[in-house]
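For reference, the structure discussed in these notes is given below.
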Amino acid sequence: MSELATKSVTNPPVATIASLAAHVGDTVTLRGWLYNMRQSGKLLFPIFRDGTGTIQGIVPKAAVSEEVFDRVKSLTQESSVIVTGSVRADSRAPSGFELDVANLEIVHLVPASDPFPISHKEHGTDFLMEHRHLWIRTPRQSAILRIRATIMRAAQEYFDTNGFVRTDPPILTPAACEGTSTLFELDYFGDPAYLTQSGQLYIEATALALGKVYSFGPTFRAEKSKTRRHLTEFWMIEPEVAFMDLEGDMQLAEAFLTHIVTTVLAHHRADLKLIGRDIAKLEAVIAPAVLPEGAGGFSPLNPPATKPGFSPGSSATNKNAVILNEVKDPDELRPATTAGTFSTTEHRPSLFPRLSYDEAHAMLDAAFKAGQLEAPHIYGDDLGSPDETYISSQFDKPVMVHRYPAASKAFYMQPDPLDPTKALCVDVLAPEGYGEIIGGSQRVDSYDLLRARILEHNLPLAAFEWYLDLRRYGSVPHSGFGMGIERAVAWICGLDHVRETIPFPRTLNRIYP
Ligand code: 4AD
Ligand code: MG
């Protein structure tokens, strides 16, 4: 340690690689690590990374002392360094800049006998996951984690700036929220307790105290299947609003997602490019909607025909598109679902397509008959992964599938008064085949119905007495949703698997590192 301490590790006037545009022509000091190095005769081209980006340095033998040249030459991958040099704009450089290195100090030299395990050749996923603590240093993984941080910030920012109070639900809970099959059970001083699956039940209580609330924290599901969409530990952000109906919930989800995508596009174009994301696909999400003529608009503002066989296609490229903005106020078309309810969100025309469950089923049925789906969707069942993939690959905006059969969904969902076999719920499926990123609903507000539902689902009534109190004392219609951050990151970054969306993923087969 004393060897490290003698060097100027602390507090030199440092720049970050991401800020170099403001330092062209200046001499700067960067602190970071050697990512890679190329040598060409008497020229060294070390590539440095510092967590904000990478930059290529140039070290001509003739331009620096022999000592500095040899020091740079001795660098091994991931050795930590403090490097001084002048910044030059270079349009050929991937970052747009290069560093003419004048001096370099080594903070820690990785010994050649024990090199950094992740070399620049291809590695298998298992190997990378086993070395996740080091894998996150690679530019692509770092970029994903930066985007994740912005998605989390934008998500909170949306609620913080729209009158929501953050209220944190407990992580240790006495009862299930999302079904008993995915509970992590633990021993709470002799009583069973569970890691929370969702903060929802608790923020229903805080919503009735504070009006508009949200929670944001880790949630847990003992998912026994290996899929590219499931983690056992993930982060969920959940708003809950008193006096809000399903229509308000859908509007809220749309405004919320629009804010997140807009914020990521405003701050992370370079990172998105680095990871190979097609940025036009994200721009399409927030663009004014255009839909193919005859498609009906898939909005409650313009209810779609239920006939199967339509092909929404890529709305952005359809020549016969119609602008969806011209539709009428939704309240003129849709009867109020519960007397006295209203949407607390700003009233705006919906740009995200909407499909009722029945319409989604018709679409899947048609796809199966056309040979585009391997298995038929059984009417009444929840949508399976291939079903979601199919539907969400048909749209270039997130699509809202609403009013699923009540029997396929959670006990707390309010039945649709127009068809009580359906629940007033919505799943938001991200486009490009990503599937569900948000699940939400209007909640049962009647004491008798909720009590009956708890019993029907074989849930322990005693553990839910407090939850029933919310319907005993000043019950109101209320709604909310939950978005899994990792699903959102996978979609926005265009990743195949959620395991790359969180620093240390927890899955069925992995709890190390
Ligand atoms: O659809 P879910 O199960 O809904 C709820 O938990 C509600 N209580 C939320 C609410 O209404 N307040 O989960 C919500 C979201 C999903 O849409 C998905 O994005 C994410 O949480 N999610 C998972 N993400 C990763 N791995 C898993 N195993 C996930 N399970 C759910
Ligand atoms: Mg769900």
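Numbering starts fresh at 1 for the residues of each chain in the structure tokens, the chains themselves are lettered A, B, ... in the order given, and ligands are numbered from 1 as they appear.
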Using only C-alpha atoms and all ligand atoms, find each residue with an atom at most 8 Å away from ligand 1 and format the answer as a VMD selection string. chain A and resid 177 to 178 197 to 201 220 to 223 229 to 240 427 to 428 436 to 441 479 to 488 498
Counting only C-alpha atoms, which residues in segment 44-141 of chain A sit no more than 12 Å from segment 275-286 of chain A? For each one, give the nearest pair of atoms and the distance in Å, sorted by chain then residue number, as a tab-separated table.
```
residue	atom	partner	partner_atom	distance
A:Thr138	CA	A:Ile275	CA	11.1
A:Pro139	CA	A:Ile275	CA	8.6
A:Arg140	CA	A:Ile275	CA	5.6
A:Gln141	CA	A:Ile275	CA	8.5
```
I'd like the contact shell of Arg38 of chain A - 10 Å cut-off, only C-alpha atoms, skipping same-chain residues fewer than 4 positions apart - returned as a PyMOL selection string. chain A and resi 43-47+56+58+73
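One finds atom CA of His133 of chain A at 14.4 Å from atom CA of Ser119 of chain A.
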